[in-house]
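S.K.: I am attaching a structure below and will ask some questions about it afterwards.
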Amino acid sequence: MPRFTARYAQPSIGTGPFKFVEFKPNESIRVARNPEYWKKGRPYLDGIEYTIIPNRSTAILAFIAGKFDMTFPFEVSIPLLKDIKTQAPQAVCDLVPGNASANLIVNRDAPPFDNPEIRRAMSLALDRKSFIDILAEGQGDIGGAMLPTPAGLWEFPAELLKSVPGYDPNVMQNRSQARQIMQKLGYGPDNRLKVTVAARNISIFRDPAVILIDQLNEFSSMARSSRSRPPTGSPRLPAEITRSA
């Protein structure tokens, strides 16, 4: 499928099964079957129309009402998945591990975050399980640099992962170590480290950012400061839903 953006929404050259037809910002994207596709007889569809609905609940209600044949997994939360199973029992709902993880990315070139001890303290301050419990009702896995099993084939062994700062399940102990590090560096209730959290302004990024800010603020050595950016990419969630024929 050819690539296009809001800025350069012009027909593109591509070799995929579909070719670009139309893009209406914040409304829809249309693609049509590419008759010159290299694989004879494919694709099976004459075209696809993607309707853009920023609000996740509105999108799910439209799917339940039969206006769409498929939803993207990106904005399907566990509570909404339960609603679909109840209100649209003919829908095919699969809950599987996602192919991406939620990450806290720190600018290690900007002082004081160029100090590895501060980054270690931030990692120790996080309660990773609470993110899964709050956002996905416990439906998720904690992993390190590698995707955890069952989806991942090269996950960290449990004992090795436990040795990574912040991944020991004893959150109170982790945070105690974090406070000791910050106090040693001169931070505390009277000298709080201000952290600006930047997140895309859609639920899948905004919701974990709120939890992150709360955890860093509870950590007592870091102050809350946040900002949002418009969506610039595709998030991932483990629920994919299609309507049965």
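So you can find residues: chains in the structure tokens are A, B, ... in the order shown, residues in each start at 1, and ligands are numbered from 1 in order.
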Using only C-alpha atoms, which protein or nucleic acid residues come within 12 Å of Pro169 (chain A)? Drop anything in the same chain fewer than 2 positions from it, and give the result as a ChimeraX atom specification.
M.R.: /A:124-130,142,158-159,161-167,171-175
S.K.: Would you please extract all helix (DSSP H, G or I) residues from region 3-239 of chain A, as assigned by DSSP on the backbone, and give them as a ChimeraX atom specification?
M.R.: /A:56-64,73-75,78-87,116-125,128-136,158-162,171-184,203-218
S.K.: Using only C-alpha atoms, determine which residues lie at most 9 Å from region 34-38 of chain A, disregarding the query and same-chain residues fewer than 3 positions distant; provide the list as a list in words.
M.R.: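 Listed by chain and then number, they are Thr15, Gly16, Pro17, Phe18, Lys19, Val31, Gly41, Arg42, Pro43, Asp46 and Gly47 of chain A.
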S.K.: Produce a file of the selected residues containing all heavy atoms, as a JSON list (two decimals), in the first residue's frame.
M.R.:
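See again_24.json below for the written result:
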```
[["chain", "number", "residue", "atom", "x", "y", "z"],
["A", 15, "THR", "N", 3.63, -0.67, -5.17],
["A", 15, "THR", "CA", 3.47, -2.00, -5.76],
["A", 15, "THR", "C", 2.60, -2.90, -4.91],
["A", 15, "THR", "O", 2.54, -4.10, -5.12],
["A", 15, "THR", "CB", 4.85, -2.67, -5.94],
["A", 15, "THR", "OG1", 5.49, -2.76, -4.66],
["A", 15, "THR", "CG2", 5.73, -1.86, -6.89],
["A", 16, "GLY", "N", 1.93, -2.33, -3.94],
["A", 16, "GLY", "CA", 1.11, -3.11, -3.03],
["A", 16, "GLY", "C", -0.21, -3.51, -3.65],
["A", 16, "GLY", "O", -0.54, -3.14, -4.79],
["A", 17, "PRO", "N", -1.03, -4.26, -2.92],
["A", 17, "PRO", "CA", -2.30, -4.75, -3.44],
["A", 17, "PRO", "C", -3.35, -3.66, -3.65],
["A", 17, "PRO", "O", -4.31, -3.85, -4.40],
["A", 17, "PRO", "CB", -2.75, -5.76, -2.39],
["A", 17, "PRO", "CG", -2.08, -5.32, -1.14],
["A", 17, "PRO", "CD", -0.76, -4.75, -1.56],
["A", 18, "PHE", "N", -3.17, -2.51, -2.99],
["A", 18, "PHE", "CA", -4.13, -1.42, -3.12],
["A", 18, "PHE", "C", -3.42, -0.13, -3.52],
["A", 18, "PHE", "O", -2.24, 0.06, -3.23],
["A", 18, "PHE", "CB", -4.89, -1.20, -1.81],
["A", 18, "PHE", "CG", -5.74, -2.38, -1.41],
["A", 18, "PHE", "CD1", -5.28, -3.33, -0.52],
["A", 18, "PHE", "CD2", -7.01, -2.54, -1.94],
["A", 18, "PHE", "CE1", -6.05, -4.41, -0.18],
["A", 18, "PHE", "CE2", -7.80, -3.62, -1.59],
["A", 18, "PHE", "CZ", -7.32, -4.56, -0.71],
["A", 19, "LYS", "N", -4.16, 0.75, -4.17],
["A", 19, "LYS", "CA", -3.61, 2.04, -4.55],
["A", 19, "LYS", "C", -4.45, 3.15, -3.92],
["A", 19, "LYS", "O", -5.66, 3.01, -3.72],
["A", 19, "LYS", "CB", -3.55, 2.19, -6.06],
["A", 19, "LYS", "CG", -4.88, 2.06, -6.78],
["A", 19, "LYS", "CD", -4.69, 2.16, -8.29],
["A", 19, "LYS", "CE", -6.03, 2.04, -9.02],
["A", 19, "LYS", "NZ", -5.84, 2.18, -10.49],
["A", 31, "VAL", "N", -8.81, 3.43, -0.42],
["A", 31, "VAL", "CA", -7.86, 2.80, -1.34],
["A", 31, "VAL", "C", -8.65, 1.85, -2.23],
["A", 31, "VAL", "O", -9.72, 1.36, -1.86],
["A", 31, "VAL", "CB", -6.75, 2.03, -0.59],
["A", 31, "VAL", "CG1", -5.89, 2.98, 0.22],
["A", 31, "VAL", "CG2", -7.35, 0.95, 0.32],
["A", 41, "GLY", "N", -4.87, -12.46, -9.34],
["A", 41, "GLY", "CA", -6.07, -12.79, -8.58],
["A", 41, "GLY", "C", -6.18, -12.11, -7.23],
["A", 41, "GLY", "O", -7.20, -12.23, -6.55],
["A", 42, "ARG", "N", -5.17, -11.41, -6.83],
["A", 42, "ARG", "CA", -5.19, -10.69, -5.55],
["A", 42, "ARG", "C", -5.14, -9.19, -5.80],
["A", 42, "ARG", "O", -4.62, -8.76, -6.83],
["A", 42, "ARG", "CB", -3.98, -11.11, -4.70],
["A", 42, "ARG", "CG", -3.90, -12.58, -4.41],
["A", 42, "ARG", "CD", -4.95, -13.04, -3.41],
["A", 42, "ARG", "NE", -4.78, -14.47, -3.12],
["A", 42, "ARG", "CZ", -4.00, -14.95, -2.15],
["A", 42, "ARG", "NH1", -3.29, -14.11, -1.41],
["A", 42, "ARG", "NH2", -3.92, -16.24, -1.93],
["A", 43, "PRO", "N", -5.63, -8.37, -4.91],
["A", 43, "PRO", "CA", -6.36, -8.76, -3.69],
["A", 43, "PRO", "C", -7.80, -9.16, -4.02],
["A", 43, "PRO", "O", -8.28, -8.93, -5.12],
["A", 43, "PRO", "CB", -6.32, -7.49, -2.85],
["A", 43, "PRO", "CG", -6.33, -6.39, -3.87],
["A", 43, "PRO", "CD", -5.50, -6.91, -5.01],
["A", 46, "ASP", "N", -12.34, -5.14, -3.71],
["A", 46, "ASP", "CA", -12.28, -4.06, -4.70],
["A", 46, "ASP", "C", -11.68, -2.80, -4.09],
["A", 46, "ASP", "O", -11.14, -1.96, -4.81],
["A", 46, "ASP", "CB", -13.68, -3.75, -5.23],
["A", 46, "ASP", "CG", -14.24, -4.89, -6.07],
["A", 46, "ASP", "OD1", -13.43, -5.57, -6.74],
["A", 46, "ASP", "OD2", -15.46, -5.10, -6.05],
["A", 47, "GLY", "N", -11.77, -2.68, -2.80],
["A", 47, "GLY", "CA", -11.23, -1.50, -2.13],
["A", 47, "GLY", "C", -11.49, -1.54, -0.65],
["A", 47, "GLY", "O", -12.19, -2.44, -0.15]]
```
S.K.: List every residue of region 21-240 of chain A that DSSP, applied to the backbone, labels as strand (DSSP E or B), and write the result as a PyMOL selection string.
M.R.: chain A and resi 21-24+28-33+47-51+70-71+91-95+188+191+193-200+222-229+239-240
S.K.: Please compute the CA of Ser57 (chain A)-CA of Leu104 (chain A) distance, one decimal, in Å.
M.R.: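 Those two atoms sit 26.4 Å apart.
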S.K.: What is the CA of Arg192 (chain A) to CA of Val106 (chain A) distance in Å?
M.R.: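 Here the two named atoms are 17.5 Å from each other.
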S.K.: I'd like the interatomic distance between CA of Val92 (chain A) and CA of Thr71 (chain A), to a tenth of an Å.
M.R.: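 Rounded to one decimal, the two atoms are 10.8 Å apart.
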S.K.: When you look at Phe113 (chain A) with a cut-off of 12 Å (counting only C-alpha atoms), what residues show up, excluding the ones that are within fewer than 5 positions of it in the same chain? I need them as a PyMOL selection string.
M.R.: chain A and resi 105-108+118-122+193-196
